[in-house]
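Asker: One file is attached below, work_25.cif, containing mmCIF, C-alpha atoms; chains and numbers go by the auth columns.
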data_my_file
#
loop_
_atom_site.group_PDB
_atom_site.id
_atom_site.type_symbol
_atom_site.label_atom_id
_atom_site.label_comp_id
_atom_site.label_asym_id
_atom_site.label_seq_id
_atom_site.Cartn_x
_atom_site.Cartn_y
_atom_site.Cartn_z
_atom_site.B_iso_or_equiv
_atom_site.auth_seq_id
_atom_site.auth_asym_id
ATOM 1 C CA MET A 1 -5.077 8.270 -5.560 0.00 1 A
ATOM 2 C CA ILE A 2 -5.781 9.467 -2.029 0.00 2 A
ATOM 3 C CA TYR A 3 -6.127 13.211 -1.375 0.00 3 A
ATOM 4 C CA PHE A 4 -5.542 15.165 1.848 0.00 4 A
ATOM 5 C CA GLU A 5 -6.734 18.739 1.986 0.00 5 A
ATOM 6 C CA ILE A 6 -8.199 21.166 4.522 0.00 6 A
ATOM 7 C CA ASP A 7 -11.411 23.118 4.700 0.00 7 A
ATOM 8 C CA LYS A 8 -11.758 26.889 5.169 0.00 8 A
ATOM 9 C CA ASN A 9 -12.967 26.539 8.784 0.00 9 A
ATOM 10 C CA ALA A 10 -9.724 24.823 9.819 0.00 10 A
ATOM 11 C CA GLU A 11 -7.759 27.553 8.070 0.00 11 A
ATOM 12 C CA GLN A 12 -9.632 30.314 9.939 0.00 12 A
ATOM 13 C CA GLN A 13 -9.209 28.587 13.316 0.00 13 A
ATOM 14 C CA ILE A 14 -5.443 28.317 12.828 0.00 14 A
ATOM 15 C CA TYR A 15 -5.258 31.957 11.732 0.00 15 A
ATOM 16 C CA ARG A 16 -7.007 32.997 14.979 0.00 16 A
ATOM 17 C CA LYS A 17 -4.649 30.871 17.088 0.00 17 A
ATOM 18 C CA LEU A 18 -1.671 32.462 15.367 0.00 18 A
ATOM 19 C CA SER A 19 -2.930 35.877 16.560 0.00 19 A
ATOM 20 C CA GLY A 20 -3.238 37.195 13.025 0.00 20 A
ATOM 21 C CA LEU A 21 0.088 35.925 11.676 0.00 21 A
ATOM 22 C CA LYS A 22 -1.443 35.277 8.260 0.00 22 A
ATOM 23 C CA ASN A 23 1.767 34.005 6.684 0.00 23 A
ATOM 24 C CA GLY A 24 2.001 31.272 9.298 0.00 24 A
ATOM 25 C CA THR A 25 -1.294 29.591 8.456 0.00 25 A
ATOM 26 C CA PRO A 26 -0.201 28.022 5.137 0.00 26 A
ATOM 27 C CA VAL A 27 3.096 26.893 6.701 0.00 27 A
ATOM 28 C CA VAL A 28 1.335 25.174 9.606 0.00 28 A
ATOM 29 C CA LEU A 29 -1.205 23.514 7.316 0.00 29 A
ATOM 30 C CA ARG A 30 1.412 22.457 4.759 0.00 30 A
ATOM 31 C CA ASN A 31 3.481 20.724 7.444 0.00 31 A
ATOM 32 C CA ALA A 32 0.454 19.065 9.025 0.00 32 A
ATOM 33 C CA ILE A 33 -0.877 17.800 5.672 0.00 33 A
ATOM 34 C CA ASN A 34 2.485 16.427 4.527 0.00 34 A
ATOM 35 C CA ASN A 35 3.098 14.640 7.828 0.00 35 A
ATOM 36 C CA THR A 36 -0.431 13.222 7.729 0.00 36 A
ATOM 37 C CA ALA A 37 0.062 11.923 4.173 0.00 37 A
ATOM 38 C CA LYS A 38 3.327 10.226 5.148 0.00 38 A
ATOM 39 C CA GLU A 39 1.819 8.599 8.230 0.00 39 A
ATOM 40 C CA ALA A 40 -1.344 7.591 6.345 0.00 40 A
ATOM 41 C CA ARG A 41 0.755 5.873 3.671 0.00 41 A
ATOM 42 C CA ASN A 42 2.568 3.878 6.351 0.00 42 A
ATOM 43 C CA LEU A 43 -0.714 2.942 8.046 0.00 43 A
ATOM 44 C CA LEU A 44 -2.198 1.782 4.741 0.00 44 A
ATOM 45 C CA PHE A 45 0.858 -0.341 3.990 0.00 45 A
ATOM 46 C CA ASP A 46 0.925 -1.849 7.477 0.00 46 A
ATOM 47 C CA ARG A 47 -2.765 -2.707 7.269 0.00 47 A
ATOM 48 C CA ALA A 48 -2.464 -4.159 3.759 0.00 48 A
ATOM 49 C CA GLN A 49 0.412 -6.343 4.938 0.00 49 A
ATOM 50 C CA LYS A 50 -1.743 -7.740 7.733 0.00 50 A
ATOM 51 C CA VAL A 51 -4.581 -8.536 5.334 0.00 51 A
ATOM 52 C CA TYR A 52 -2.522 -9.770 2.359 0.00 52 A
ATOM 53 C CA THR A 53 0.553 -12.005 2.254 0.00 53 A
ATOM 54 C CA VAL A 54 2.414 -9.851 -0.272 0.00 54 A
ATOM 55 C CA LYS A 55 6.032 -8.941 0.489 0.00 55 A
ATOM 56 C CA LYS A 56 6.662 -5.458 1.970 0.00 56 A
ATOM 57 C CA GLY A 57 9.088 -4.285 -0.713 0.00 57 A
ATOM 58 C CA ARG A 58 6.271 -4.317 -3.238 0.00 58 A
ATOM 59 C CA PHE A 59 4.360 -1.625 -1.313 0.00 59 A
ATOM 60 C CA ASN A 60 7.332 0.723 -0.962 0.00 60 A
ATOM 61 C CA LYS A 61 7.876 0.778 -4.724 0.00 61 A
ATOM 62 C CA ALA A 62 4.190 1.339 -5.502 0.00 62 A
ATOM 63 C CA ALA A 63 3.519 4.648 -3.732 0.00 63 A
ATOM 64 C CA THR A 64 4.716 8.217 -4.080 0.00 64 A
ATOM 65 C CA ILE A 65 3.521 11.315 -2.253 0.00 65 A
ATOM 66 C CA LYS A 66 2.934 14.609 -4.025 0.00 66 A
ATOM 67 C CA ARG A 67 3.536 17.009 -1.178 0.00 67 A
ATOM 68 C CA ALA A 68 1.438 20.037 -0.301 0.00 68 A
ATOM 69 C CA ASN A 69 3.003 23.498 -0.494 0.00 69 A
ATOM 70 C CA ALA A 70 2.004 26.901 0.865 0.00 70 A
ATOM 71 C CA TYR A 71 0.117 27.708 -2.355 0.00 71 A
ATOM 72 C CA ASN A 72 -1.592 24.352 -2.807 0.00 72 A
ATOM 73 C CA LEU A 73 -2.613 22.804 0.511 0.00 73 A
ATOM 74 C CA THR A 74 -3.268 19.358 -0.909 0.00 74 A
ATOM 75 C CA ALA A 75 -1.140 16.226 -0.621 0.00 75 A
ATOM 76 C CA VAL A 76 -1.751 13.255 -2.899 0.00 76 A
ATOM 77 C CA ILE A 77 -0.706 9.650 -2.313 0.00 77 A
ATOM 78 C CA ASN A 78 -0.293 8.032 -5.727 0.00 78 A
ATOM 79 C CA ILE A 79 -0.463 4.257 -5.639 0.00 79 A
ATOM 80 C CA LYS A 80 0.375 2.565 -8.907 0.00 80 A
ATOM 81 C CA GLY A 81 1.146 -0.912 -10.070 0.00 81 A
ATOM 82 C CA SER A 82 0.002 -3.656 -12.342 0.00 82 A
ATOM 83 C CA THR A 83 -1.333 -7.036 -11.289 0.00 83 A
ATOM 84 C CA LEU A 84 1.221 -8.933 -9.196 0.00 84 A
ATOM 85 C CA GLU A 85 2.374 -12.451 -9.873 0.00 85 A
ATOM 86 C CA LEU A 86 1.081 -15.105 -7.494 0.00 86 A
ATOM 87 C CA LYS A 87 4.725 -15.690 -6.508 0.00 87 A
ATOM 88 C CA ASP A 88 4.707 -12.280 -4.795 0.00 88 A
ATOM 89 C CA PHE A 89 2.350 -13.779 -2.214 0.00 89 A
ATOM 90 C CA LYS A 90 2.797 -16.745 0.122 0.00 90 A
ATOM 91 C CA THR A 91 3.481 -19.981 -1.734 0.00 91 A
ATOM 92 C CA SER A 92 4.552 -23.461 -0.776 0.00 92 A
ATOM 93 C CA PRO A 93 7.097 -24.417 -1.848 0.00 93 A
ATOM 94 C CA ALA A 94 8.640 -20.927 -1.989 0.00 94 A
ATOM 95 C CA THR A 95 11.498 -21.945 -4.291 0.00 95 A
ATOM 96 C CA PRO A 96 11.715 -24.404 -7.172 0.00 96 A
ATOM 97 C CA PRO A 97 12.369 -27.946 -5.904 0.00 97 A
ATOM 98 C CA LYS A 98 15.711 -29.493 -6.894 0.00 98 A
ATOM 99 C CA ASN A 99 13.994 -32.655 -8.115 0.00 99 A
ATOM 100 C CA PHE A 100 10.343 -32.802 -9.024 0.00 100 A
ATOM 101 C CA LYS A 101 8.359 -35.313 -7.017 0.00 101 A
ATOM 102 C CA LEU A 102 5.415 -36.734 -8.887 0.00 102 A
ATOM 103 C CA GLY A 103 2.161 -35.665 -7.313 0.00 103 A
ATOM 104 C CA ARG A 104 3.687 -32.823 -5.257 0.00 104 A
ATOM 105 C CA GLN A 105 1.148 -30.025 -4.830 0.00 105 A
ATOM 106 C CA THR A 106 1.971 -26.313 -5.027 0.00 106 A
ATOM 107 C CA LYS A 107 -0.121 -24.166 -2.685 0.00 107 A
ATOM 108 C CA ALA A 108 -0.644 -20.436 -2.237 0.00 108 A
ATOM 109 C CA LYS A 109 -2.693 -17.883 -0.377 0.00 109 A
ATOM 110 C CA VAL A 110 -3.281 -14.218 -1.140 0.00 110 A
ATOM 111 C CA LYS A 111 -5.086 -13.162 2.061 0.00 111 A
ATOM 112 C CA SER A 112 -3.598 -13.914 5.465 0.00 112 A
ATOM 113 C CA SER A 113 -6.955 -15.051 6.856 0.00 113 A
ATOM 114 C CA ASN A 114 -7.385 -17.735 4.165 0.00 114 A
ATOM 115 C CA PRO A 115 -5.895 -21.230 4.291 0.00 115 A
ATOM 116 C CA MET A 116 -3.268 -22.321 1.784 0.00 116 A
ATOM 117 C CA LYS A 117 -5.039 -23.471 -1.382 0.00 117 A
ATOM 118 C CA ASN A 118 -3.971 -26.183 -3.819 0.00 118 A
ATOM 119 C CA LEU A 119 -3.253 -24.662 -7.233 0.00 119 A
ATOM 120 C CA GLU A 120 -4.905 -26.955 -9.714 0.00 120 A
ATOM 121 C CA ILE A 121 -7.351 -26.294 -12.552 0.00 121 A
ATOM 122 C CA ALA A 122 -9.008 -29.097 -14.509 0.00 122 A
ATOM 123 C CA GLY A 123 -6.488 -31.591 -13.165 0.00 123 A
ATOM 124 C CA ILE A 124 -3.473 -29.486 -14.238 0.00 124 A
ATOM 125 C CA LYS A 125 -1.273 -28.605 -11.252 0.00 125 A
ATOM 126 C CA ALA A 126 0.672 -25.378 -10.869 0.00 126 A
ATOM 127 C CA PHE A 127 4.368 -25.458 -9.982 0.00 127 A
ATOM 128 C CA ILE A 128 7.263 -23.189 -9.032 0.00 128 A
ATOM 129 C CA VAL A 129 9.621 -22.603 -11.943 0.00 129 A
ATOM 130 C CA LYS A 130 12.892 -20.733 -12.431 0.00 130 A
ATOM 131 C CA PHE A 131 13.233 -19.355 -15.945 0.00 131 A
ATOM 132 C CA ALA A 132 16.491 -19.071 -17.875 0.00 132 A
ATOM 133 C CA ASN A 133 16.800 -15.389 -16.890 0.00 133 A
ATOM 134 C CA GLY A 134 16.658 -16.365 -13.185 0.00 134 A
ATOM 135 C CA HIS A 135 13.092 -15.128 -12.574 0.00 135 A
ATOM 136 C CA VAL A 136 11.031 -17.416 -10.301 0.00 136 A
ATOM 137 C CA SER A 137 7.267 -17.742 -10.871 0.00 137 A
ATOM 138 C CA VAL A 138 4.262 -19.864 -10.134 0.00 138 A
ATOM 139 C CA ALA A 139 3.311 -21.358 -13.485 0.00 139 A
ATOM 140 C CA GLN A 140 0.898 -23.830 -14.982 0.00 140 A
ATOM 141 C CA ARG A 141 0.768 -25.771 -18.219 0.00 141 A
ATOM 142 C CA ARG A 142 -1.986 -24.715 -20.596 0.00 142 A
ATOM 143 C CA SER A 143 -2.850 -28.305 -21.439 0.00 143 A
ATOM 144 C CA SER A 144 -1.563 -31.802 -20.809 0.00 144 A
ATOM 145 C CA ASN A 145 1.366 -30.947 -23.098 0.00 145 A
ATOM 146 C CA ARG A 146 4.674 -29.962 -21.490 0.00 146 A
ATOM 147 C CA LEU A 147 4.671 -26.553 -23.216 0.00 147 A
ATOM 148 C CA PRO A 148 3.504 -23.797 -23.330 0.00 148 A
ATOM 149 C CA ILE A 149 3.178 -22.679 -19.711 0.00 149 A
ATOM 150 C CA LYS A 150 1.543 -19.566 -18.251 0.00 150 A
ATOM 151 C CA THR A 151 2.573 -17.467 -15.239 0.00 151 A
ATOM 152 C CA LEU A 152 -0.173 -17.115 -12.626 0.00 152 A
ATOM 153 C CA PHE A 153 -1.225 -13.659 -11.389 0.00 153 A
ATOM 154 C CA SER A 154 -3.377 -12.411 -8.496 0.00 154 A
ATOM 155 C CA THR A 155 -4.194 -8.752 -7.658 0.00 155 A
ATOM 156 C CA SER A 156 -2.520 -5.326 -7.677 0.00 156 A
ATOM 157 C CA ILE A 157 -1.273 -3.017 -4.905 0.00 157 A
ATOM 158 C CA PRO A 158 -3.837 -0.281 -5.794 0.00 158 A
ATOM 159 C CA LYS A 159 -6.666 -2.807 -5.411 0.00 159 A
ATOM 160 C CA MET A 160 -5.283 -4.047 -2.091 0.00 160 A
ATOM 161 C CA ILE A 161 -4.868 -0.521 -0.691 0.00 161 A
ATOM 162 C CA GLY A 162 -8.308 0.496 -1.995 0.00 162 A
ATOM 163 C CA ASP A 163 -9.997 -2.459 -0.285 0.00 163 A
ATOM 164 C CA GLU A 164 -12.867 -0.590 1.423 0.00 164 A
ATOM 165 C CA LYS A 165 -13.774 -3.484 3.689 0.00 165 A
ATOM 166 C CA GLU A 166 -10.375 -4.503 5.037 0.00 166 A
ATOM 167 C CA VAL A 167 -7.719 -1.866 4.242 0.00 167 A
ATOM 168 C CA TYR A 168 -8.649 1.720 3.252 0.00 168 A
ATOM 169 C CA GLY A 169 -12.033 1.520 4.963 0.00 169 A
ATOM 170 C CA VAL A 170 -10.322 0.500 8.223 0.00 170 A
ATOM 171 C CA VAL A 171 -7.541 3.118 8.052 0.00 171 A
ATOM 172 C CA GLU A 172 -9.574 6.079 6.717 0.00 172 A
ATOM 173 C CA PRO A 173 -11.222 7.031 10.068 0.00 173 A
ATOM 174 C CA LYS A 174 -7.778 7.159 11.716 0.00 174 A
ATOM 175 C CA ILE A 175 -6.486 9.683 9.175 0.00 175 A
ATOM 176 C CA THR A 176 -8.640 12.508 10.551 0.00 176 A
ATOM 177 C CA THR A 177 -7.290 11.837 14.064 0.00 177 A
ATOM 178 C CA ILE A 178 -3.734 11.879 12.746 0.00 178 A
ATOM 179 C CA TYR A 179 -4.380 15.134 10.875 0.00 179 A
ATOM 180 C CA ASN A 180 -5.762 16.866 13.988 0.00 180 A
ATOM 181 C CA LYS A 181 -2.700 15.823 16.004 0.00 181 A
ATOM 182 C CA GLU A 182 -0.351 16.963 13.241 0.00 182 A
ATOM 183 C CA VAL A 183 -2.070 20.363 13.042 0.00 183 A
ATOM 184 C CA GLN A 184 -1.621 20.826 16.786 0.00 184 A
ATOM 185 C CA LYS A 185 2.049 19.806 16.626 0.00 185 A
ATOM 186 C CA ALA A 186 2.762 22.091 13.648 0.00 186 A
ATOM 187 C CA LEU A 187 0.921 24.960 15.331 0.00 187 A
ATOM 188 C CA GLU A 188 2.844 24.632 18.596 0.00 188 A
ATOM 189 C CA LYS A 189 6.136 24.404 16.739 0.00 189 A
ATOM 190 C CA TYR A 190 5.397 27.495 14.641 0.00 190 A
ATOM 191 C CA ILE A 191 4.255 29.539 17.642 0.00 191 A
ATOM 192 C CA ALA A 192 7.313 28.556 19.673 0.00 192 A
ATOM 193 C CA LYS A 193 9.557 29.667 16.801 0.00 193 A
ATOM 194 C CA ASN A 194 7.798 32.837 15.604 0.00 194 A
ATOM 195 C CA VAL A 195 5.539 34.312 18.279 0.00 195 A
ATOM 196 C CA ARG A 196 7.229 36.316 21.028 0.00 196 A
#
How does this structure look as structure tokens?

Answerer:
Amino acid sequence: MIYFEIDKNAEQQIYRKLSGLKNGTPVVLRNAINNTAKEARNLLFDRAQKVYTVKKGRFNKAATIKRANAYNLTAVINIKGSTLELKDFKTSPATPPKNFKLGRQTKAKVKSSNPMKNLEIAGIKAFIVKFANGHVSVAQRRSSNRLPIKTLFSTSIPKMIGDEKEVYGVVEPKITTIYNKEVQKALEKYIAKNVR
């Protein structure tokens, strides 16, 4: 979870700018915080998509925003999700081949900066498979026997977004700048509407 909240100094500064319109301060802050949370979520997703090869739709489903209100000036970005299948990242081939070619190698990469990697453990190659229910996965046999097979997994959206080195750590400094701009915009809008 990622929290956005304000300190008392910011609250007092806005109150002074509103010439004592006390009721306006929570409205201005609420709007600024909610807009910041929305923009921060988009920035985090955009950055994660540059770093990881996961498909965009996965991010949109993983995050919700608990919006701030005039009584609780805190917005929370909740990012949930279990470990994703390797098939949710870049793989080659991307779909199951119509006829298996002996010796064909399935490759994948999770991070955009990494090269495609052959998927093989102890001489057992991974492959793209379409199950009876239509679901497509990257799978691997557990032994030299034909069955059983296991689906291969990688990482989760929360771990990607929380990546201090390449995702959250890169975006976090920009959030304060966004917040300051949103406060100014919300303040100007409120003054234009309510102060005569």

Asker: Could you give me, as a PDB file with C-alpha atoms, in the frame of the given file, the residues within 8 Å of segment 168-178 of chain A, counting all atoms listed in the file and dropping anything in the same chain fewer than 4 positions from it?

Answerer:
ATOM      1  CA  THR A  36      -0.431  13.222   7.729  1.00  0.00           C
ATOM      2  CA  GLU A  39       1.819   8.599   8.230  1.00  0.00           C
ATOM      3  CA  ALA A  40      -1.344   7.591   6.345  1.00  0.00           C
ATOM      4  CA  LEU A  43      -0.714   2.942   8.046  1.00  0.00           C
ATOM      5  CA  LEU A  44      -2.198   1.782   4.741  1.00  0.00           C
ATOM      6  CA  ARG A  47      -2.765  -2.707   7.269  1.00  0.00           C
ATOM      7  CA  ILE A 161      -4.868  -0.521  -0.691  1.00  0.00           C
ATOM      8  CA  GLY A 162      -8.308   0.496  -1.995  1.00  0.00           C
ATOM      9  CA  ASP A 163      -9.997  -2.459  -0.285  1.00  0.00           C
ATOM     10  CA  GLU A 164     -12.867  -0.590   1.423  1.00  0.00           C
ATOM     11  CA  GLU A 182      -0.351  16.963  13.241  1.00  0.00           C
TER      12      GLU A 182
END

Asker: Using atom CA of Val54 of chain A and atom CA of Lys109 of chain A as the two end points, give the distance in Å to one decimal.

Answerer: 9.5 Å

Asker: Residues within 9 Å of Asn31 of chain A, please, as an MDAnalysis selection string. Count all atoms listed in the file; anything in the same chain fewer than 2 positions from it doesn't count.

Answerer: chainID A and resid 26:29 33:36 68:69 182:183 186

Asker: Counting only C-alpha atoms, figure out which residue out of A:Ile121, A:Val167, A:Ala132, A:Pro158 gets nearest to Ala63 of chain A.

Answerer: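 Closest candidate: A:Pro158.
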
Asker: What is the distance between atom CA of Lys87 of chain A and atom CA of Ser143 of chain A, in Å to one decimal?

Answerer: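 Taking atom CA of Lys87 of chain A as the start and atom CA of Ser143 of chain A as the end point, the length is 21.0 Å.
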
Asker: Write out as a list in words the residues lying within 12 Å of Asn78 of chain A, counting all atoms listed in the file and excluding same-chain residues fewer than 3 positions away.

Answerer: Met1, Ile2, Tyr3, Phe4, Ala37, Lys38, Arg41, Phe59, Asn60, Lys61, Ala62, Ala63, Thr64, Ile65, Lys66, Arg67, Ala75, Gly81, Ile157, Pro158, Ile161 and Gly162 of chain A

Asker: Excluding Val129 of chain A and its own-chain neighbours fewer than 4 positions away, which residues fall within 6 Å of it when counting all atoms listed in the file? Please give them as a PyMOL selection string.

Answerer: chain A and resi 96+136-137

Asker: Selected residues, C-alpha atoms, written as a CSV table (one decimal), keeping the file's coordinate frame, please.

Answerer:
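Result went into part38.csv, see below:
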chain,number,residue,atom,x,y,z
A,96,PRO,CA,11.7,-24.4,-7.2
A,136,VAL,CA,11.0,-17.4,-10.3
A,137,SER,CA,7.3,-17.7,-10.9

Asker: Using only C-alpha atoms, find the one residue out of A:Tyr71, A:Phe45, A:Phe89, A:Tyr52 that sits nearest to Phe153 of chain A.

Answerer: A:Phe89

Asker: Neighbours of Ala108 of chain A within 9 Å (all atoms listed in the file; same-chain residues fewer than 2 positions away dropped), as a PyMOL selection string?

Answerer: chain A and resi 86-87+89-93+106+110+115-119

Asker: Name the residues that the PyMOL selection byres ((chain A and resi 188) around 12) picks from the file above, as a VMD selection string, using the file's chain letters and numbers.

Answerer: chain A and resid 14 17 to 18 24 28 31 to 32 181 to 187 189 to 195

Asker: Just the number, please: distance in Å from atom CA of Lys111 of chain A to atom CA of Leu84 of chain A, one decimal.

Answerer: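 Straight-line distance from atom CA of Lys111 of chain A to atom CA of Leu84 of chain A works out to 13.6 Å.
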
Asker: Pull out every residue that the PyMOL selection byres ((chain A and resi 123) around 12) matches in the shown coordinates and put them as a ChimeraX atom specification.

Answerer: /A:103,105,118-122,124-126,140-144
